[in-house]
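Source file coords.pdb; content: PDB, C-alpha atoms, pLDDT in the B column.
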```pdb
ATOM      1  CA  MET A   1       0.000   0.000   0.000  1.00 94.00           C
ATOM      2  CA  ILE A   2       1.174   3.508  -0.825  1.00 97.00           C
ATOM      3  CA  ARG A   3      -0.035   6.465   1.202  1.00 97.00           C
ATOM      4  CA  ALA A   4       0.840  10.112   1.730  1.00 98.00           C
ATOM      5  CA  ALA A   5       3.180  10.725   4.645  1.00 98.00           C
ATOM      6  CA  THR A   6       1.785  12.408   7.749  1.00 98.00           C
ATOM      7  CA  GLN A   7       3.491  14.440  10.460  1.00 97.00           C
ATOM      8  CA  ASP A   8       3.588  11.281  12.576  1.00 98.00           C
ATOM      9  CA  ASP A   9       5.845   9.730   9.898  1.00 98.00           C
ATOM     10  CA  VAL A  10       8.629  12.294  10.287  1.00 98.00           C
ATOM     11  CA  PRO A  11      10.750  10.151  12.676  1.00 98.00           C
ATOM     12  CA  LEU A  12      10.304   7.172  10.322  1.00 98.00           C
ATOM     13  CA  LEU A  13      11.269   9.257   7.281  1.00 98.00           C
ATOM     14  CA  HIS A  14      14.299  10.596   9.128  1.00 98.00           C
ATOM     15  CA  ALA A  15      15.407   7.052  10.017  1.00 98.00           C
ATOM     16  CA  MET A  16      14.961   5.785   6.449  1.00 98.00           C
ATOM     17  CA  ILE A  17      16.805   8.793   5.008  1.00 98.00           C
ATOM     18  CA  ARG A  18      19.738   7.880   7.238  1.00 98.00           C
ATOM     19  CA  GLU A  19      19.497   4.244   6.100  1.00 98.00           C
ATOM     20  CA  LEU A  20      19.568   5.424   2.485  1.00 97.00           C
ATOM     21  CA  ALA A  21      22.567   7.655   3.181  1.00 97.00           C
ATOM     22  CA  GLU A  22      24.391   4.697   4.709  1.00 97.00           C
ATOM     23  CA  TYR A  23      23.580   2.558   1.645  1.00 94.00           C
ATOM     24  CA  GLU A  24      24.901   5.354  -0.586  1.00 94.00           C
ATOM     25  CA  ARG A  25      28.115   5.485   1.464  1.00 94.00           C
ATOM     26  CA  ALA A  26      27.431   9.032   2.620  1.00 95.00           C
ATOM     27  CA  LEU A  27      25.981   8.793   6.126  1.00 97.00           C
ATOM     28  CA  ASP A  28      28.156  11.681   7.342  1.00 96.00           C
ATOM     29  CA  GLU A  29      26.486  13.937   4.741  1.00 95.00           C
ATOM     30  CA  ALA A  30      22.933  13.222   5.978  1.00 96.00           C
ATOM     31  CA  ARG A  31      22.541  16.115   8.406  1.00 96.00           C
ATOM     32  CA  ALA A  32      18.821  16.887   8.046  1.00 96.00           C
ATOM     33  CA  THR A  33      16.971  16.938  11.335  1.00 98.00           C
ATOM     34  CA  GLU A  34      13.457  15.769  12.080  1.00 98.00           C
ATOM     35  CA  GLU A  35      12.496  19.397  12.658  1.00 98.00           C
ATOM     36  CA  GLN A  36      13.782  20.418   9.219  1.00 97.00           C
ATOM     37  CA  LEU A  37      11.859  17.574   7.586  1.00 97.00           C
ATOM     38  CA  ARG A  38       8.688  18.462   9.488  1.00 97.00           C
ATOM     39  CA  GLU A  39       8.916  22.098   8.351  1.00 97.00           C
ATOM     40  CA  ALA A  40       9.710  21.210   4.719  1.00 97.00           C
ATOM     41  CA  LEU A  41       6.908  18.646   4.469  1.00 98.00           C
ATOM     42  CA  PHE A  42       4.218  20.115   6.721  1.00 98.00           C
ATOM     43  CA  GLY A  43       5.122  23.740   7.419  1.00 97.00           C
ATOM     44  CA  GLU A  44       3.184  26.791   6.284  1.00 96.00           C
ATOM     45  CA  HIS A  45       4.530  26.512   2.718  1.00 94.00           C
ATOM     46  CA  PRO A  46       5.467  22.867   2.078  1.00 96.00           C
ATOM     47  CA  ALA A  47       7.858  22.534  -0.833  1.00 93.00           C
ATOM     48  CA  VAL A  48       8.411  18.768  -0.755  1.00 97.00           C
ATOM     49  CA  PHE A  49       6.100  15.811  -0.415  1.00 98.00           C
ATOM     50  CA  ALA A  50       6.518  12.222   0.700  1.00 98.00           C
ATOM     51  CA  LEU A  51       4.865   8.883   0.121  1.00 98.00           C
ATOM     52  CA  ILE A  52       5.169   5.867   2.409  1.00 98.00           C
ATOM     53  CA  ALA A  53       5.169   2.259   1.207  1.00 98.00           C
ATOM     54  CA  GLU A  54       3.710  -0.232   3.646  1.00 97.00           C
ATOM     55  CA  SER A  55       3.913  -4.002   3.474  1.00 94.00           C
ATOM     56  CA  ASP A  56       0.722  -5.963   2.949  1.00 84.00           C
ATOM     57  CA  GLU A  57       1.322  -7.809   6.195  1.00 67.00           C
ATOM     58  CA  PHE A  58      -1.086  -6.722   8.896  1.00 50.00           C
ATOM     59  CA  SER A  59      -0.851  -7.184  12.629  1.00 47.00           C
ATOM     60  CA  GLY A  60      -4.019  -9.300  12.732  1.00 47.00           C
ATOM     61  CA  PRO A  61      -7.281 -10.133  10.920  1.00 49.00           C
ATOM     62  CA  GLU A  62      -9.078  -7.205  12.539  1.00 52.00           C
ATOM     63  CA  ASP A  63      -6.266  -4.717  11.727  1.00 48.00           C
ATOM     64  CA  ARG A  64      -6.426  -3.669   8.069  1.00 47.00           C
ATOM     65  CA  SER A  65      -5.104  -0.167   8.746  1.00 56.00           C
ATOM     66  CA  GLY A  66      -1.786  -0.834   7.080  1.00 64.00           C
ATOM     67  CA  GLY A  67       1.287  -2.910   7.398  1.00 87.00           C
ATOM     68  CA  GLU A  68       4.856  -2.175   8.347  1.00 94.00           C
ATOM     69  CA  PRO A  69       6.369   0.927   6.699  1.00 97.00           C
ATOM     70  CA  VAL A  70       9.072  -0.402   4.374  1.00 98.00           C
ATOM     71  CA  GLY A  71       9.965   2.498   2.092  1.00 98.00           C
ATOM     72  CA  PHE A  72       9.427   6.077   1.039  1.00 98.00           C
ATOM     73  CA  ALA A  73       9.645   8.477  -1.854  1.00 98.00           C
ATOM     74  CA  LEU A  74      10.372  12.175  -1.318  1.00 98.00           C
ATOM     75  CA  TRP A  75       9.614  14.467  -4.249  1.00 98.00           C
ATOM     76  CA  PHE A  76       8.960  18.037  -5.341  1.00 98.00           C
ATOM     77  CA  ARG A  77       7.563  19.832  -8.367  1.00 97.00           C
ATOM     78  CA  ASN A  78       9.894  21.158 -10.994  1.00 96.00           C
ATOM     79  CA  PHE A  79       9.224  23.043 -14.211  1.00 96.00           C
ATOM     80  CA  SER A  80      10.299  22.643 -17.823  1.00 95.00           C
ATOM     81  CA  THR A  81      10.700  25.860 -19.754  1.00 96.00           C
ATOM     82  CA  TRP A  82      10.769  23.770 -22.946  1.00 94.00           C
ATOM     83  CA  THR A  83       7.411  22.060 -22.418  1.00 93.00           C
ATOM     84  CA  GLY A  84       5.841  24.801 -20.301  1.00 96.00           C
ATOM     85  CA  THR A  85       4.664  22.239 -17.764  1.00 96.00           C
ATOM     86  CA  HIS A  86       5.484  21.160 -14.269  1.00 97.00           C
ATOM     87  CA  GLY A  87       7.001  17.796 -13.513  1.00 96.00           C
ATOM     88  CA  VAL A  88       8.006  15.669 -10.579  1.00 97.00           C
ATOM     89  CA  TYR A  89      11.583  15.431  -9.392  1.00 97.00           C
ATOM     90  CA  LEU A  90      12.164  12.408  -7.191  1.00 98.00           C
ATOM     91  CA  GLU A  91      14.751  13.395  -4.620  1.00 97.00           C
ATOM     92  CA  ASP A  92      14.909  10.033  -2.856  1.00 97.00           C
ATOM     93  CA  VAL A  93      13.310   6.635  -3.131  1.00 97.00           C
ATOM     94  CA  TYR A  94      14.211   3.907  -0.674  1.00 97.00           C
ATOM     95  CA  VAL A  95      12.955   0.455   0.222  1.00 97.00           C
ATOM     96  CA  ARG A  96      14.366  -1.285   3.259  1.00 97.00           C
ATOM     97  CA  PRO A  97      16.574  -4.274   2.368  1.00 96.00           C
ATOM     98  CA  HIS A  98      14.271  -6.943   3.817  1.00 95.00           C
ATOM     99  CA  ALA A  99      11.380  -5.660   1.671  1.00 96.00           C
ATOM    100  CA  ARG A 100      13.209  -5.285  -1.647  1.00 94.00           C
ATOM    101  CA  GLY A 101      11.807  -7.345  -4.472  1.00 93.00           C
ATOM    102  CA  GLY A 102       8.301  -7.059  -3.047  1.00 94.00           C
ATOM    103  CA  GLY A 103       7.083  -4.444  -5.525  1.00 95.00           C
ATOM    104  CA  HIS A 104       7.238  -1.500  -3.126  1.00 97.00           C
ATOM    105  CA  GLY A 105       9.676   0.559  -5.210  1.00 96.00           C
ATOM    106  CA  ARG A 106       7.612  -0.054  -8.338  1.00 96.00           C
ATOM    107  CA  ALA A 107       4.447   0.956  -6.447  1.00 97.00           C
ATOM    108  CA  LEU A 108       6.049   4.184  -5.190  1.00 98.00           C
ATOM    109  CA  LEU A 109       7.206   5.117  -8.698  1.00 97.00           C
ATOM    110  CA  ALA A 110       3.834   4.142 -10.196  1.00 97.00           C
ATOM    111  CA  GLU A 111       2.061   6.446  -7.731  1.00 98.00           C
ATOM    112  CA  LEU A 112       4.352   9.323  -8.688  1.00 97.00           C
ATOM    113  CA  ALA A 113       3.739   8.586 -12.381  1.00 97.00           C
ATOM    114  CA  ARG A 114      -0.012   8.670 -11.655  1.00 97.00           C
ATOM    115  CA  ILE A 115       0.386  12.069  -9.973  1.00 97.00           C
ATOM    116  CA  CYS A 116       2.210  13.349 -13.065  1.00 96.00           C
ATOM    117  CA  VAL A 117      -0.429  12.079 -15.473  1.00 97.00           C
ATOM    118  CA  ASP A 118      -3.401  13.193 -13.368  1.00 98.00           C
ATOM    119  CA  ARG A 119      -2.000  16.713 -12.959  1.00 97.00           C
ATOM    120  CA  GLY A 120      -0.836  17.110 -16.558  1.00 96.00           C
ATOM    121  CA  TYR A 121       2.832  17.176 -15.625  1.00 96.00           C
ATOM    122  CA  GLY A 122       5.162  16.458 -18.527  1.00 94.00           C
ATOM    123  CA  ARG A 123       8.138  14.772 -16.841  1.00 95.00           C
ATOM    124  CA  PHE A 124       9.149  12.506 -14.011  1.00 97.00           C
ATOM    125  CA  GLU A 125      12.886  12.705 -13.342  1.00 96.00           C
ATOM    126  CA  TRP A 126      15.480  11.585 -10.816  1.00 96.00           C
ATOM    127  CA  SER A 127      19.181  10.903 -10.465  1.00 94.00           C
ATOM    128  CA  VAL A 128      20.881   7.617  -9.681  1.00 94.00           C
ATOM    129  CA  LEU A 129      24.443   6.951  -8.603  1.00 91.00           C
ATOM    130  CA  ASP A 130      26.440   5.510 -11.487  1.00 92.00           C
ATOM    131  CA  TRP A 131      27.648   2.558  -9.379  1.00 92.00           C
ATOM    132  CA  ASN A 132      24.126   1.509  -8.339  1.00 92.00           C
ATOM    133  CA  ALA A 133      23.664  -1.184 -11.005  1.00 94.00           C
ATOM    134  CA  PRO A 134      20.609  -2.860  -9.399  1.00 93.00           C
ATOM    135  CA  SER A 135      18.689   0.428  -9.344  1.00 93.00           C
ATOM    136  CA  ILE A 136      19.758   1.357 -12.861  1.00 94.00           C
ATOM    137  CA  ALA A 137      18.559  -2.019 -14.138  1.00 94.00           C
ATOM    138  CA  PHE A 138      15.273  -1.601 -12.258  1.00 94.00           C
ATOM    139  CA  TYR A 139      14.680   1.871 -13.705  1.00 95.00           C
ATOM    140  CA  LYS A 140      15.427   0.626 -17.232  1.00 95.00           C
ATOM    141  CA  SER A 141      12.897  -2.182 -16.718  1.00 94.00           C
ATOM    142  CA  LEU A 142      10.281   0.526 -16.114  1.00 95.00           C
ATOM    143  CA  GLY A 143      11.162   2.296 -19.355  1.00 95.00           C
ATOM    144  CA  ALA A 144      13.243   5.092 -17.831  1.00 95.00           C
ATOM    145  CA  GLU A 145      15.823   6.576 -20.156  1.00 94.00           C
ATOM    146  CA  PRO A 146      19.219   7.687 -18.870  1.00 93.00           C
ATOM    147  CA  MET A 147      20.033  11.273 -19.763  1.00 93.00           C
ATOM    148  CA  ASP A 148      23.675  10.523 -20.454  1.00 90.00           C
ATOM    149  CA  GLU A 149      24.368  13.830 -22.138  1.00 91.00           C
ATOM    150  CA  TRP A 150      23.494  15.717 -18.941  1.00 90.00           C
ATOM    151  CA  THR A 151      25.836  16.100 -15.983  1.00 88.00           C
ATOM    152  CA  VAL A 152      24.529  17.186 -12.600  1.00 87.00           C
ATOM    153  CA  GLN A 153      26.207  20.333 -11.282  1.00 91.00           C
ATOM    154  CA  ARG A 154      26.166  21.411  -7.643  1.00 88.00           C
ATOM    155  CA  LEU A 155      27.246  24.387  -5.577  1.00 92.00           C
ATOM    156  CA  SER A 156      27.373  23.977  -1.812  1.00 89.00           C
ATOM    157  CA  GLY A 157      29.345  25.124   1.209  1.00 91.00           C
ATOM    158  CA  ASP A 158      32.035  27.731   0.598  1.00 95.00           C
ATOM    159  CA  SER A 159      31.489  27.774  -3.175  1.00 95.00           C
ATOM    160  CA  LEU A 160      27.786  28.509  -2.738  1.00 93.00           C
ATOM    161  CA  ARG A 161      28.488  31.292  -0.237  1.00 93.00           C
ATOM    162  CA  ALA A 162      31.181  32.820  -2.457  1.00 93.00           C
ATOM    163  CA  LEU A 163      28.889  32.991  -5.463  1.00 92.00           C
ATOM    164  CA  ALA A 164      26.023  34.352  -3.353  1.00 92.00           C
ATOM    165  CA  ALA A 165      28.321  37.101  -2.084  1.00 92.00           C
ATOM    166  CA  LEU A 166      28.673  38.350  -5.662  1.00 91.00           C
ATOM    167  CA  ALA A 167      24.945  39.114  -5.745  1.00 91.00           C
ATOM    168  CA  HIS A 168      25.385  41.602  -2.913  1.00 83.00           C
ATOM    169  CA  SER A 169      28.692  43.032  -4.052  1.00 77.00           C
ATOM    170  CA  ASP A 170      28.891  46.711  -4.994  1.00 69.00           C
ATOM    171  CA  GLU A 171      31.374  45.585  -7.632  1.00 67.00           C
ATOM    172  CA  ASN A 172      28.584  43.697  -9.436  1.00 63.00           C
ATOM    173  CA  PRO A 173      26.768  46.188 -11.677  1.00 64.00           C
ATOM    174  CA  ASN A 174      24.204  43.535 -12.640  1.00 66.00           C
ATOM    175  CA  ARG A 175      23.256  42.536  -9.114  1.00 61.00           C
ATOM    176  CA  ALA A 176      19.659  41.680  -8.406  1.00 59.00           C
ATOM    177  CA  THR A 177      17.726  44.319  -6.566  1.00 56.00           C
ATOM    178  CA  ALA A 178      14.376  42.700  -5.833  1.00 49.00           C
ATOM    179  CA  LEU A 179      14.589  38.925  -6.180  1.00 53.00           C
ATOM    180  CA  SER A 180      13.002  36.758  -3.526  1.00 51.00           C
ATOM    181  CA  ASN A 181      10.981  33.554  -3.276  1.00 50.00           C
TER
END
```
As a first step, turn the structure in this file into C-alpha coordinates.
Amino acid sequence: MIRAATQDDVPLLHAMIRELAEYERALDEARATEEQLREALFGEHPAVFALIAESDEFSGPEDRSGGEPVGFALWFRNFSTWTGTHGVYLEDVYVRPHARGGGHGRALLAELARICVDRGYGRFEWSVLDWNAPSIAFYKSLGAEPMDEWTVQRLSGDSLRALAALAHSDENPNRATALSN
(Lines of atoms letter the chains of each structure in order from A and count residues from 1; the text may use other names and numbers.)
(Lines give C-alpha, C1' and ligand atoms only; values in the text may rest on other atoms or scores of the structure.)
Protein backbone atom coordinates (compact mmCIF):
# COMPACT_ATOMS: atom_id res chain seq x y z
CA MET A 1 0.00 0.00 0.00
CA ILE A 2 1.17 3.51 -0.83
CA ARG A 3 -0.03 6.47 1.20
CA ALA A 4 0.84 10.11 1.73
CA ALA A 5 3.18 10.73 4.64
CA THR A 6 1.79 12.41 7.75
CA GLN A 7 3.49 14.44 10.46
CA ASP A 8 3.59 11.28 12.58
CA ASP A 9 5.84 9.73 9.90
CA VAL A 10 8.63 12.29 10.29
CA PRO A 11 10.75 10.15 12.68
CA LEU A 12 10.30 7.17 10.32
CA LEU A 13 11.27 9.26 7.28
CA HIS A 14 14.30 10.60 9.13
CA ALA A 15 15.41 7.05 10.02
CA MET A 16 14.96 5.79 6.45
CA ILE A 17 16.81 8.79 5.01
CA ARG A 18 19.74 7.88 7.24
CA GLU A 19 19.50 4.24 6.10
CA LEU A 20 19.57 5.42 2.48
CA ALA A 21 22.57 7.65 3.18
CA GLU A 22 24.39 4.70 4.71
CA TYR A 23 23.58 2.56 1.64
CA GLU A 24 24.90 5.35 -0.59
CA ARG A 25 28.11 5.48 1.46
CA ALA A 26 27.43 9.03 2.62
CA LEU A 27 25.98 8.79 6.13
CA ASP A 28 28.16 11.68 7.34
CA GLU A 29 26.49 13.94 4.74
CA ALA A 30 22.93 13.22 5.98
CA ARG A 31 22.54 16.11 8.41
CA ALA A 32 18.82 16.89 8.05
CA THR A 33 16.97 16.94 11.34
CA GLU A 34 13.46 15.77 12.08
CA GLU A 35 12.50 19.40 12.66
CA GLN A 36 13.78 20.42 9.22
CA LEU A 37 11.86 17.57 7.59
CA ARG A 38 8.69 18.46 9.49
CA GLU A 39 8.92 22.10 8.35
CA ALA A 40 9.71 21.21 4.72
CA LEU A 41 6.91 18.65 4.47
CA PHE A 42 4.22 20.11 6.72
CA GLY A 43 5.12 23.74 7.42
CA GLU A 44 3.18 26.79 6.28
CA HIS A 45 4.53 26.51 2.72
CA PRO A 46 5.47 22.87 2.08
CA ALA A 47 7.86 22.53 -0.83
CA VAL A 48 8.41 18.77 -0.75
CA PHE A 49 6.10 15.81 -0.42
CA ALA A 50 6.52 12.22 0.70
CA LEU A 51 4.86 8.88 0.12
CA ILE A 52 5.17 5.87 2.41
CA ALA A 53 5.17 2.26 1.21
CA GLU A 54 3.71 -0.23 3.65
CA SER A 55 3.91 -4.00 3.47
CA ASP A 56 0.72 -5.96 2.95
CA GLU A 57 1.32 -7.81 6.20
CA PHE A 58 -1.09 -6.72 8.90
CA SER A 59 -0.85 -7.18 12.63
CA GLY A 60 -4.02 -9.30 12.73
CA PRO A 61 -7.28 -10.13 10.92
CA GLU A 62 -9.08 -7.21 12.54
CA ASP A 63 -6.27 -4.72 11.73
CA ARG A 64 -6.43 -3.67 8.07
CA SER A 65 -5.10 -0.17 8.75
CA GLY A 66 -1.79 -0.83 7.08
CA GLY A 67 1.29 -2.91 7.40
CA GLU A 68 4.86 -2.18 8.35
CA PRO A 69 6.37 0.93 6.70
CA VAL A 70 9.07 -0.40 4.37
CA GLY A 71 9.96 2.50 2.09
CA PHE A 72 9.43 6.08 1.04
CA ALA A 73 9.64 8.48 -1.85
CA LEU A 74 10.37 12.17 -1.32
CA TRP A 75 9.61 14.47 -4.25
CA PHE A 76 8.96 18.04 -5.34
CA ARG A 77 7.56 19.83 -8.37
CA ASN A 78 9.89 21.16 -10.99
CA PHE A 79 9.22 23.04 -14.21
CA SER A 80 10.30 22.64 -17.82
CA THR A 81 10.70 25.86 -19.75
CA TRP A 82 10.77 23.77 -22.95
CA THR A 83 7.41 22.06 -22.42
CA GLY A 84 5.84 24.80 -20.30
CA THR A 85 4.66 22.24 -17.76
CA HIS A 86 5.48 21.16 -14.27
CA GLY A 87 7.00 17.80 -13.51
CA VAL A 88 8.01 15.67 -10.58
CA TYR A 89 11.58 15.43 -9.39
CA LEU A 90 12.16 12.41 -7.19
CA GLU A 91 14.75 13.40 -4.62
CA ASP A 92 14.91 10.03 -2.86
CA VAL A 93 13.31 6.64 -3.13
CA TYR A 94 14.21 3.91 -0.67
CA VAL A 95 12.96 0.46 0.22
CA ARG A 96 14.37 -1.28 3.26
CA PRO A 97 16.57 -4.27 2.37
CA HIS A 98 14.27 -6.94 3.82
CA ALA A 99 11.38 -5.66 1.67
CA ARG A 100 13.21 -5.29 -1.65
CA GLY A 101 11.81 -7.35 -4.47
CA GLY A 102 8.30 -7.06 -3.05
CA GLY A 103 7.08 -4.44 -5.53
CA HIS A 104 7.24 -1.50 -3.13
CA GLY A 105 9.68 0.56 -5.21
CA ARG A 106 7.61 -0.05 -8.34
CA ALA A 107 4.45 0.96 -6.45
CA LEU A 108 6.05 4.18 -5.19
CA LEU A 109 7.21 5.12 -8.70
CA ALA A 110 3.83 4.14 -10.20
CA GLU A 111 2.06 6.45 -7.73
CA LEU A 112 4.35 9.32 -8.69
CA ALA A 113 3.74 8.59 -12.38
CA ARG A 114 -0.01 8.67 -11.65
CA ILE A 115 0.39 12.07 -9.97
CA CYS A 116 2.21 13.35 -13.06
CA VAL A 117 -0.43 12.08 -15.47
CA ASP A 118 -3.40 13.19 -13.37
CA ARG A 119 -2.00 16.71 -12.96
CA GLY A 120 -0.84 17.11 -16.56
CA TYR A 121 2.83 17.18 -15.62
CA GLY A 122 5.16 16.46 -18.53
CA ARG A 123 8.14 14.77 -16.84
CA PHE A 124 9.15 12.51 -14.01
CA GLU A 125 12.89 12.71 -13.34
CA TRP A 126 15.48 11.58 -10.82
CA SER A 127 19.18 10.90 -10.47
CA VAL A 128 20.88 7.62 -9.68
CA LEU A 129 24.44 6.95 -8.60
CA ASP A 130 26.44 5.51 -11.49
CA TRP A 131 27.65 2.56 -9.38
CA ASN A 132 24.13 1.51 -8.34
CA ALA A 133 23.66 -1.18 -11.00
CA PRO A 134 20.61 -2.86 -9.40
CA SER A 135 18.69 0.43 -9.34
CA ILE A 136 19.76 1.36 -12.86
CA ALA A 137 18.56 -2.02 -14.14
CA PHE A 138 15.27 -1.60 -12.26
CA TYR A 139 14.68 1.87 -13.70
CA LYS A 140 15.43 0.63 -17.23
CA SER A 141 12.90 -2.18 -16.72
CA LEU A 142 10.28 0.53 -16.11
CA GLY A 143 11.16 2.30 -19.35
CA ALA A 144 13.24 5.09 -17.83
CA GLU A 145 15.82 6.58 -20.16
CA PRO A 146 19.22 7.69 -18.87
CA MET A 147 20.03 11.27 -19.76
CA ASP A 148 23.68 10.52 -20.45
CA GLU A 149 24.37 13.83 -22.14
CA TRP A 150 23.49 15.72 -18.94
CA THR A 151 25.84 16.10 -15.98
CA VAL A 152 24.53 17.19 -12.60
CA GLN A 153 26.21 20.33 -11.28
CA ARG A 154 26.17 21.41 -7.64
CA LEU A 155 27.25 24.39 -5.58
CA SER A 156 27.37 23.98 -1.81
CA GLY A 157 29.35 25.12 1.21
CA ASP A 158 32.04 27.73 0.60
CA SER A 159 31.49 27.77 -3.18
CA LEU A 160 27.79 28.51 -2.74
CA ARG A 161 28.49 31.29 -0.24
CA ALA A 162 31.18 32.82 -2.46
CA LEU A 163 28.89 32.99 -5.46
CA ALA A 164 26.02 34.35 -3.35
CA ALA A 165 28.32 37.10 -2.08
CA LEU A 166 28.67 38.35 -5.66
CA ALA A 167 24.94 39.11 -5.75
CA HIS A 168 25.39 41.60 -2.91
CA SER A 169 28.69 43.03 -4.05
CA ASP A 170 28.89 46.71 -4.99
CA GLU A 171 31.37 45.58 -7.63
CA ASN A 172 28.58 43.70 -9.44
CA PRO A 173 26.77 46.19 -11.68
CA ASN A 174 24.20 43.54 -12.64
CA ARG A 175 23.26 42.54 -9.11
CA ALA A 176 19.66 41.68 -8.41
CA THR A 177 17.73 44.32 -6.57
CA ALA A 178 14.38 42.70 -5.83
CA LEU A 179 14.59 38.93 -6.18
CA SER A 180 13.00 36.76 -3.53
CA ASN A 181 10.98 33.55 -3.28
Answer key for the PyMOL selection byres ((chain A and resi 135-152) around 12), residues as a list in words: Glu24, Val93, Tyr94, Val95, Arg100, Gly101, Gly103, Gly105, Arg106, Ala107, Leu109, Ala110, Ala113, Arg123, Phe124, Glu125, Trp126, Ser127, Val128, Leu129, Asp130, Trp131, Asn132, Ala133, Pro134, Gln153, Arg154 and Leu155 of chain A
Selection dump of the PyMOL selection byres ((chain A and resi 79) around 10), as a list in words: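 This file gives the following for the PyMOL selection byres ((chain A and resi 79) around 10): Arg77, Asn78, Ser80, Thr81, Trp82, Thr83, Gly84, Thr85, His86, Gly87, Val88, Tyr89, Tyr121, Gly122 and Arg123 of chain A.
The nearest approach to Gly43 of chain A among the residues A:Thr6, A:Gly157, A:Arg25, A:Glu19, with only C-alpha atoms taken into account, belongs to A:Thr6.
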For atom CA of Asp8 of chain A and atom CA of Ile115 of chain A, the interatomic separation in Å (one decimal):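 The value is 22.8 Å.
In terms of minimum interatomic distance to Leu20 of chain A, A:Pro97 ranks closest within A:Pro46, A:Pro97, A:Gly120, A:Gly67, counting all atoms listed in the file.
Across the structure, atom CA of Ala50 of chain A and atom CA of Glu29 of chain A are spaced 20.4 Å apart.
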Separation of atom CA of Phe42 of chain A from atom CA of Met16 of chain A in Å: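 The value is 17.9 Å.
With only C-alpha atoms taken into account, the protein and nucleic acid residues at most 10 Å from Asp9 of chain A (excluding it and anything under 4 positions from it in its own chain) are Ala4, Ala5, Leu13, His14, Ala15, Glu34, Arg38, Ala50, Leu51, Ile52 and Pro69 of chain A.
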Counting all atoms listed in the file, the option among A:Ala53, A:Ala167, A:Leu112, A:Ala99 closest to Trp75 of chain A: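 Of all the options, A:Leu112 lies closest to Trp75 of chain A.
If all atoms listed in the file are the atoms counted, then among A:Ala165, A:Leu74, A:Val117, A:Ile2 the closest residue to Ser55 of chain A is A:Ile2.
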Would you compute, for all listed atoms of segment 2-10 of chain A, the axis-aligned bounding box grown by 3 Å on each side, and then report its centre and edge lengths in Å rounded to one decimal, as lines of an AutoDock Vina configuration file?
```
center_x = 4.3
center_y = 9.0
center_z = 5.9
size_x = 14.7
size_y = 16.9
size_z = 19.4
```
